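model_32.cif follows (mmCIF, N, CA and C atoms):
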data_my_file
#
loop_
_atom_site.label_atom_id
_atom_site.label_comp_id
_atom_site.auth_asym_id
_atom_site.auth_seq_id
_atom_site.Cartn_x
_atom_site.Cartn_y
_atom_site.Cartn_z
N MET A 1 67.73 99.55 54.02
CA MET A 1 68.82 99.09 53.18
C MET A 1 68.71 99.70 51.78
N THR A 2 67.47 99.81 51.32
CA THR A 2 67.28 100.39 49.99
C THR A 2 67.64 101.87 49.98
N ASP A 3 67.45 102.52 51.13
CA ASP A 3 67.83 103.93 51.23
C ASP A 3 69.34 104.09 51.07
N LEU A 4 70.09 103.15 51.64
CA LEU A 4 71.56 103.20 51.51
C LEU A 4 71.96 103.02 50.07
N TRP A 5 71.34 102.05 49.37
CA TRP A 5 71.67 101.82 47.96
C TRP A 5 71.26 103.02 47.11
N THR A 6 70.17 103.61 47.44
CA THR A 6 69.71 104.79 46.70
C THR A 6 70.68 105.94 46.92
N PHE A 7 71.10 106.13 48.16
CA PHE A 7 72.07 107.19 48.48
C PHE A 7 73.38 106.96 47.72
N LEU A 8 73.86 105.70 47.74
CA LEU A 8 75.12 105.38 47.05
C LEU A 8 74.97 105.56 45.54
N ALA A 9 73.84 105.13 44.99
CA ALA A 9 73.61 105.27 43.55
C ALA A 9 73.56 106.74 43.16
N ASP A 10 72.94 107.57 43.98
CA ASP A 10 72.84 109.00 43.69
C ASP A 10 74.20 109.70 43.80
N ASN A 11 75.08 109.18 44.66
CA ASN A 11 76.36 109.84 44.92
C ASN A 11 77.58 109.05 44.43
N VAL A 12 77.39 108.23 43.42
CA VAL A 12 78.49 107.42 42.90
C VAL A 12 79.62 108.33 42.40
N VAL A 13 79.28 109.34 41.67
CA VAL A 13 80.29 110.24 41.10
C VAL A 13 81.05 110.92 42.23
N LEU A 14 80.34 111.38 43.24
CA LEU A 14 81.01 112.03 44.38
C LEU A 14 81.93 111.05 45.09
N PHE A 15 81.49 109.81 45.26
CA PHE A 15 82.30 108.78 45.91
C PHE A 15 83.56 108.49 45.10
N VAL A 16 83.41 108.33 43.79
CA VAL A 16 84.57 108.05 42.92
C VAL A 16 85.55 109.22 42.95
N VAL A 17 85.05 110.44 42.90
CA VAL A 17 85.92 111.62 42.93
C VAL A 17 86.65 111.69 44.27
N THR A 18 85.97 111.39 45.35
CA THR A 18 86.59 111.43 46.68
C THR A 18 87.70 110.39 46.78
N VAL A 19 87.42 109.17 46.32
CA VAL A 19 88.43 108.11 46.36
C VAL A 19 89.61 108.50 45.47
N GLY A 20 89.34 109.04 44.30
CA GLY A 20 90.41 109.48 43.40
C GLY A 20 91.26 110.58 44.02
N ALA A 21 90.61 111.53 44.69
CA ALA A 21 91.34 112.63 45.32
C ALA A 21 92.23 112.11 46.44
N VAL A 22 91.73 111.16 47.21
CA VAL A 22 92.54 110.58 48.29
C VAL A 22 93.74 109.84 47.69
N ALA A 23 93.51 109.10 46.59
CA ALA A 23 94.60 108.37 45.94
C ALA A 23 95.66 109.33 45.41
N VAL A 24 95.21 110.41 44.76
CA VAL A 24 96.16 111.40 44.23
C VAL A 24 96.92 112.06 45.37
N ALA A 25 96.24 112.36 46.45
CA ALA A 25 96.92 112.98 47.61
C ALA A 25 97.96 112.03 48.19
N ALA A 26 97.64 110.75 48.24
CA ALA A 26 98.60 109.77 48.76
C ALA A 26 99.82 109.67 47.87
N VAL A 27 99.61 109.65 46.55
CA VAL A 27 100.73 109.58 45.60
C VAL A 27 101.59 110.83 45.71
N VAL A 28 100.96 111.99 45.79
CA VAL A 28 101.72 113.25 45.91
C VAL A 28 102.52 113.26 47.21
N ALA A 29 101.92 112.80 48.29
CA ALA A 29 102.63 112.75 49.56
C ALA A 29 103.83 111.80 49.48
N ALA A 30 103.65 110.67 48.82
CA ALA A 30 104.76 109.71 48.68
C ALA A 30 105.89 110.31 47.85
N VAL A 31 105.55 111.01 46.77
CA VAL A 31 106.56 111.64 45.92
C VAL A 31 107.31 112.72 46.68
N VAL A 32 106.58 113.53 47.42
CA VAL A 32 107.22 114.59 48.21
C VAL A 32 108.15 113.99 49.26
N ALA A 33 107.71 112.93 49.91
CA ALA A 33 108.55 112.27 50.91
C ALA A 33 109.80 111.69 50.27
N ARG A 34 109.67 111.10 49.11
CA ARG A 34 110.83 110.52 48.42
C ARG A 34 111.82 111.62 48.00
N ILE A 35 111.31 112.72 47.48
CA ILE A 35 112.19 113.84 47.09
C ILE A 35 112.93 114.37 48.31
N HIS A 36 112.21 114.53 49.40
CA HIS A 36 112.81 115.02 50.64
C HIS A 36 113.89 114.05 51.12
N SER A 37 113.59 112.76 51.05
CA SER A 37 114.55 111.73 51.47
C SER A 37 115.78 111.74 50.58
N ASN A 38 115.59 111.89 49.27
CA ASN A 38 116.73 111.93 48.35
C ASN A 38 117.62 113.13 48.61
N ARG A 39 117.04 114.25 48.95
CA ARG A 39 117.84 115.44 49.27
C ARG A 39 118.75 115.17 50.46
N HIS A 40 118.20 114.50 51.47
CA HIS A 40 119.01 114.18 52.64
C HIS A 40 120.11 113.19 52.30
N ARG A 41 119.80 112.22 51.45
CA ARG A 41 120.84 111.25 51.05
C ARG A 41 121.97 111.94 50.30
N VAL A 42 121.61 112.84 49.39
CA VAL A 42 122.64 113.56 48.63
C VAL A 42 123.49 114.39 49.57
N ARG A 43 122.87 115.05 50.51
CA ARG A 43 123.61 115.88 51.47
C ARG A 43 124.53 115.02 52.33
N MET A 44 124.03 113.85 52.77
CA MET A 44 124.85 112.94 53.56
C MET A 44 126.04 112.45 52.74
N ALA A 45 125.83 112.14 51.47
CA ALA A 45 126.93 111.70 50.61
C ALA A 45 127.97 112.81 50.46
N GLU A 46 127.50 114.04 50.29
CA GLU A 46 128.44 115.17 50.18
C GLU A 46 129.24 115.34 51.46
N LEU A 47 128.57 115.23 52.60
CA LEU A 47 129.27 115.36 53.88
C LEU A 47 130.28 114.23 54.09
N MET A 48 129.92 113.02 53.68
CA MET A 48 130.86 111.91 53.82
C MET A 48 132.07 112.10 52.92
N MET A 49 131.86 112.65 51.70
CA MET A 49 132.99 112.93 50.82
C MET A 49 133.90 113.98 51.44
N GLU A 50 133.31 115.01 52.00
CA GLU A 50 134.11 116.04 52.66
C GLU A 50 134.90 115.46 53.82
N GLN A 51 134.27 114.60 54.60
CA GLN A 51 134.95 113.96 55.72
C GLN A 51 136.12 113.12 55.23
N THR A 52 135.91 112.38 54.14
CA THR A 52 136.98 111.56 53.57
C THR A 52 138.13 112.44 53.09
N LYS A 53 137.80 113.55 52.43
CA LYS A 53 138.84 114.47 51.97
C LYS A 53 139.64 115.02 53.14
N LEU A 54 138.94 115.38 54.21
CA LEU A 54 139.64 115.92 55.39
C LEU A 54 140.54 114.86 56.02
N GLN A 55 140.06 113.63 56.09
CA GLN A 55 140.88 112.55 56.64
C GLN A 55 142.12 112.31 55.79
N MET A 56 141.95 112.35 54.47
CA MET A 56 143.10 112.15 53.58
C MET A 56 144.11 113.28 53.74
N ALA A 57 143.63 114.52 53.87
CA ALA A 57 144.53 115.65 54.08
C ALA A 57 145.25 115.52 55.41
N GLN A 58 144.53 115.06 56.43
CA GLN A 58 145.15 114.87 57.74
C GLN A 58 146.23 113.80 57.67
N ARG A 59 145.96 112.70 56.98
CA ARG A 59 146.97 111.64 56.83
C ARG A 59 148.19 112.15 56.06
N ARG A 60 147.92 112.91 54.99
CA ARG A 60 149.03 113.47 54.20
C ARG A 60 149.92 114.37 55.05
N ASP A 61 149.28 115.22 55.87
CA ASP A 61 150.06 116.10 56.76
C ASP A 61 150.85 115.29 57.77
N LEU A 62 150.24 114.24 58.30
CA LEU A 62 150.92 113.39 59.27
C LEU A 62 152.12 112.70 58.63
N LEU A 63 151.94 112.20 57.42
CA LEU A 63 153.06 111.56 56.72
C LEU A 63 154.18 112.56 56.42
N ARG A 64 153.80 113.77 56.08
CA ARG A 64 154.81 114.82 55.83
C ARG A 64 155.61 115.08 57.10
N GLU A 65 154.90 115.14 58.23
CA GLU A 65 155.61 115.33 59.50
C GLU A 65 156.53 114.15 59.80
N TYR A 66 156.05 112.94 59.55
CA TYR A 66 156.87 111.76 59.80
C TYR A 66 158.07 111.71 58.88
N SER A 67 157.90 112.11 57.63
CA SER A 67 159.04 112.06 56.71
C SER A 67 160.11 113.07 57.14
N ASN A 68 159.70 114.18 57.67
CA ASN A 68 160.68 115.16 58.17
C ASN A 68 161.38 114.61 59.42
N ALA A 69 160.65 113.86 60.24
CA ALA A 69 161.25 113.31 61.45
C ALA A 69 162.23 112.19 61.12
N ALA A 70 162.02 111.48 60.00
CA ALA A 70 162.90 110.36 59.64
C ALA A 70 164.30 110.84 59.29
N VAL A 71 164.42 112.07 58.89
CA VAL A 71 165.72 112.60 58.51
C VAL A 71 166.65 112.68 59.71
N VAL A 72 166.12 112.92 60.89
CA VAL A 72 166.96 113.13 62.07
C VAL A 72 167.18 111.85 62.88
N LEU A 73 166.78 110.69 62.36
CA LEU A 73 167.01 109.44 63.09
C LEU A 73 168.48 109.06 63.01
N ASN A 74 168.98 108.46 64.10
CA ASN A 74 170.37 107.98 64.04
C ASN A 74 170.40 106.60 63.39
N ASP A 75 171.59 106.07 63.19
CA ASP A 75 171.74 104.81 62.45
C ASP A 75 171.07 103.63 63.15
N SER A 76 171.18 103.52 64.46
CA SER A 76 170.57 102.39 65.16
C SER A 76 169.05 102.45 65.07
N GLU A 77 168.47 103.64 65.18
CA GLU A 77 167.02 103.78 65.05
C GLU A 77 166.56 103.42 63.64
N ARG A 78 167.31 103.91 62.64
CA ARG A 78 166.98 103.58 61.26
C ARG A 78 167.12 102.08 61.01
N GLY A 79 168.12 101.47 61.59
CA GLY A 79 168.34 100.02 61.43
C GLY A 79 167.18 99.23 62.01
N ARG A 80 166.71 99.62 63.20
CA ARG A 80 165.57 98.93 63.80
C ARG A 80 164.31 99.10 62.95
N ILE A 81 164.10 100.29 62.45
CA ILE A 81 162.92 100.54 61.61
C ILE A 81 163.02 99.75 60.31
N ASP A 82 164.22 99.71 59.71
CA ASP A 82 164.41 98.94 58.48
C ASP A 82 164.16 97.45 58.72
N ALA A 83 164.60 96.94 59.88
CA ALA A 83 164.37 95.52 60.20
C ALA A 83 162.89 95.25 60.35
N ILE A 84 162.19 96.16 60.98
CA ILE A 84 160.73 96.00 61.13
C ILE A 84 160.06 96.04 59.76
N ASN A 85 160.49 96.97 58.90
CA ASN A 85 159.90 97.08 57.56
C ASN A 85 160.17 95.82 56.73
N GLU A 86 161.36 95.25 56.87
CA GLU A 86 161.67 94.00 56.15
C GLU A 86 160.79 92.86 56.67
N ASP A 87 160.64 92.80 57.98
CA ASP A 87 159.77 91.76 58.55
C ASP A 87 158.33 91.96 58.10
N LEU A 88 157.89 93.20 58.07
CA LEU A 88 156.54 93.51 57.60
C LEU A 88 156.37 93.10 56.15
N ALA A 89 157.38 93.34 55.32
CA ALA A 89 157.30 92.96 53.91
C ALA A 89 157.20 91.44 53.79
N THR A 90 157.98 90.72 54.59
CA THR A 90 157.92 89.25 54.56
C THR A 90 156.54 88.77 54.99
N LEU A 91 156.03 89.33 56.06
CA LEU A 91 154.69 88.95 56.52
C LEU A 91 153.63 89.28 55.47
N SER A 92 153.79 90.42 54.81
CA SER A 92 152.83 90.81 53.77
C SER A 92 152.86 89.82 52.61
N ARG A 93 154.06 89.41 52.19
CA ARG A 93 154.17 88.43 51.11
C ARG A 93 153.52 87.12 51.50
N ARG A 94 153.75 86.68 52.73
CA ARG A 94 153.12 85.44 53.21
C ARG A 94 151.60 85.57 53.24
N ALA A 95 151.12 86.72 53.72
CA ALA A 95 149.67 86.94 53.80
C ALA A 95 149.06 86.94 52.40
N ILE A 96 149.74 87.57 51.44
CA ILE A 96 149.23 87.60 50.07
C ILE A 96 149.20 86.19 49.49
N ALA A 97 150.26 85.43 49.75
CA ALA A 97 150.31 84.05 49.25
C ALA A 97 149.17 83.23 49.85
N LEU A 98 148.94 83.38 51.15
CA LEU A 98 147.85 82.63 51.79
C LEU A 98 146.48 83.07 51.27
N MET A 99 146.30 84.38 51.07
CA MET A 99 145.02 84.86 50.54
C MET A 99 144.80 84.32 49.14
N THR A 100 145.85 84.28 48.33
CA THR A 100 145.73 83.75 46.97
C THR A 100 145.36 82.28 47.02
N GLU A 101 146.01 81.53 47.91
CA GLU A 101 145.70 80.10 48.02
C GLU A 101 144.26 79.90 48.49
N VAL A 102 143.84 80.68 49.48
CA VAL A 102 142.46 80.56 49.98
C VAL A 102 141.47 80.87 48.86
N ASP A 103 141.73 81.95 48.11
CA ASP A 103 140.83 82.30 47.01
C ASP A 103 140.76 81.19 45.97
N ALA A 104 141.93 80.65 45.62
CA ALA A 104 141.97 79.58 44.61
C ALA A 104 141.23 78.34 45.11
N ARG A 105 141.48 77.96 46.36
CA ARG A 105 140.81 76.77 46.90
C ARG A 105 139.30 76.99 47.02
N THR A 106 138.90 78.19 47.41
CA THR A 106 137.48 78.50 47.52
C THR A 106 136.81 78.43 46.15
N THR A 107 137.47 79.00 45.16
CA THR A 107 136.93 78.95 43.80
C THR A 107 136.82 77.51 43.32
N ARG A 108 137.87 76.73 43.58
CA ARG A 108 137.85 75.31 43.18
C ARG A 108 136.71 74.58 43.88
N LEU A 109 136.52 74.84 45.17
CA LEU A 109 135.43 74.20 45.92
C LEU A 109 134.07 74.61 45.36
N GLU A 110 133.91 75.89 45.06
CA GLU A 110 132.64 76.35 44.50
C GLU A 110 132.35 75.66 43.18
N ARG A 111 133.35 75.54 42.33
CA ARG A 111 133.16 74.86 41.05
C ARG A 111 132.79 73.39 41.27
N GLY A 112 133.44 72.75 42.23
CA GLY A 112 133.11 71.36 42.54
C GLY A 112 131.68 71.21 43.01
N VAL A 113 131.23 72.13 43.84
CA VAL A 113 129.84 72.08 44.32
C VAL A 113 128.88 72.30 43.16
N GLU A 114 129.21 73.25 42.27
CA GLU A 114 128.35 73.49 41.11
C GLU A 114 128.26 72.24 40.25
N ILE A 115 129.39 71.59 40.02
CA ILE A 115 129.40 70.37 39.20
C ILE A 115 128.57 69.27 39.87
N ALA A 116 128.73 69.13 41.19
CA ALA A 116 127.97 68.11 41.91
C ALA A 116 126.47 68.38 41.81
N LYS A 117 126.06 69.64 41.95
CA LYS A 117 124.65 69.99 41.83
C LYS A 117 124.13 69.70 40.43
N MET A 118 124.93 70.09 39.43
CA MET A 118 124.49 69.85 38.05
C MET A 118 124.42 68.36 37.75
N ASN A 119 125.36 67.58 38.27
CA ASN A 119 125.30 66.13 38.07
C ASN A 119 124.04 65.54 38.71
N THR A 120 123.71 66.01 39.90
CA THR A 120 122.49 65.54 40.57
C THR A 120 121.26 65.91 39.76
N GLN A 121 121.22 67.16 39.28
CA GLN A 121 120.09 67.59 38.46
C GLN A 121 120.00 66.77 37.17
N LEU A 122 121.16 66.52 36.56
CA LEU A 122 121.18 65.75 35.33
C LEU A 122 120.70 64.33 35.56
N ASP A 123 121.11 63.72 36.66
CA ASP A 123 120.63 62.37 37.00
C ASP A 123 119.12 62.36 37.20
N THR A 124 118.62 63.36 37.90
CA THR A 124 117.17 63.45 38.13
C THR A 124 116.43 63.62 36.80
N ILE A 125 116.96 64.47 35.94
CA ILE A 125 116.34 64.69 34.63
C ILE A 125 116.34 63.39 33.83
N ARG A 126 117.46 62.69 33.82
CA ARG A 126 117.54 61.43 33.08
C ARG A 126 116.54 60.40 33.62
N GLN A 127 116.42 60.31 34.95
CA GLN A 127 115.46 59.38 35.53
C GLN A 127 114.03 59.74 35.13
N ASN A 128 113.72 61.04 35.22
CA ASN A 128 112.37 61.48 34.85
C ASN A 128 112.11 61.26 33.37
N GLU A 129 113.12 61.50 32.53
CA GLU A 129 112.96 61.26 31.10
C GLU A 129 112.72 59.78 30.82
N SER A 130 113.50 58.93 31.49
CA SER A 130 113.33 57.49 31.25
C SER A 130 111.94 57.04 31.70
N LYS A 131 111.44 57.57 32.81
CA LYS A 131 110.09 57.21 33.26
C LYS A 131 109.04 57.72 32.28
N LEU A 132 109.20 58.97 31.85
CA LEU A 132 108.22 59.60 30.97
C LEU A 132 108.21 58.94 29.60
N PHE A 133 109.37 58.78 29.02
CA PHE A 133 109.43 58.25 27.66
C PHE A 133 109.24 56.74 27.62
N ALA A 134 109.53 56.06 28.70
CA ALA A 134 109.30 54.61 28.75
C ALA A 134 107.80 54.33 28.79
N GLN A 135 107.04 55.21 29.42
CA GLN A 135 105.60 55.03 29.52
C GLN A 135 104.91 55.35 28.19
N GLN A 136 105.48 56.23 27.39
CA GLN A 136 104.83 56.63 26.14
C GLN A 136 104.99 55.55 25.08
N GLU A 137 106.01 54.74 25.15
CA GLU A 137 106.25 53.75 24.09
C GLU A 137 105.41 52.56 24.22
#
Translate this structure into structure tokens?
Amino acid sequence: MTDLWTFLADNVVLFVVTVGAVAVAAVVAAVVARIHSNRHRVRMAELMMEQTKLQMAQRRDLLREYSNAAVVLNDSERGRIDAINEDLATLSRRAIALMTEVDARTTRLERGVEIAKMNTQLDTIRQNESKLFAQQE
């Protein structure tokens, strides 16, 4: 056992340098891995932007084709489409009204819950204060 301690005592500097080198190598490897990962993320973001641009261009072209096709519709076809668009507008207004009501009610409920929690906390604080300060007097 003393031989082991003697060996360790004689090679403390070597041991510390080895541990330090391993730590530095681990940090360098982590940094390199992070840089490599960030490069891939940036490339993926660029590709997703390109995909979005292509989709938008495709939609724009499709809408251009549809607008040209709308010119050749007869009156009954245009009337049916207009009726559908009016119905869609009515449904959209109703949906917006319902979403607004849901948001308002949700916000009101959240505020009520916050007030209830704060009232409970305040009651607990008051009880603890009365116990604490009643004992000190």
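Taking atom N of Asp3 of chain A and atom C of Ala23 of chain A as the two end points, the separation is 29.6 Å.
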Let me know the centre plus edge lengths, in Å and rounded to one decimal, of a box with edges along x, y and z that contains all listed atoms of segment 106-112 of chain A and is padded by 3 Å on every side, as lines of an AutoDock Vina configuration file.
center_x = 135.3
center_y = 75.1
center_z = 44.3
size_x = 13.2
size_y = 13.8
size_z = 12.5
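Taking atom CA of Asn119 of chain A and atom CA of Lys131 of chain A as the two end points, the separation is 18.3 Å.
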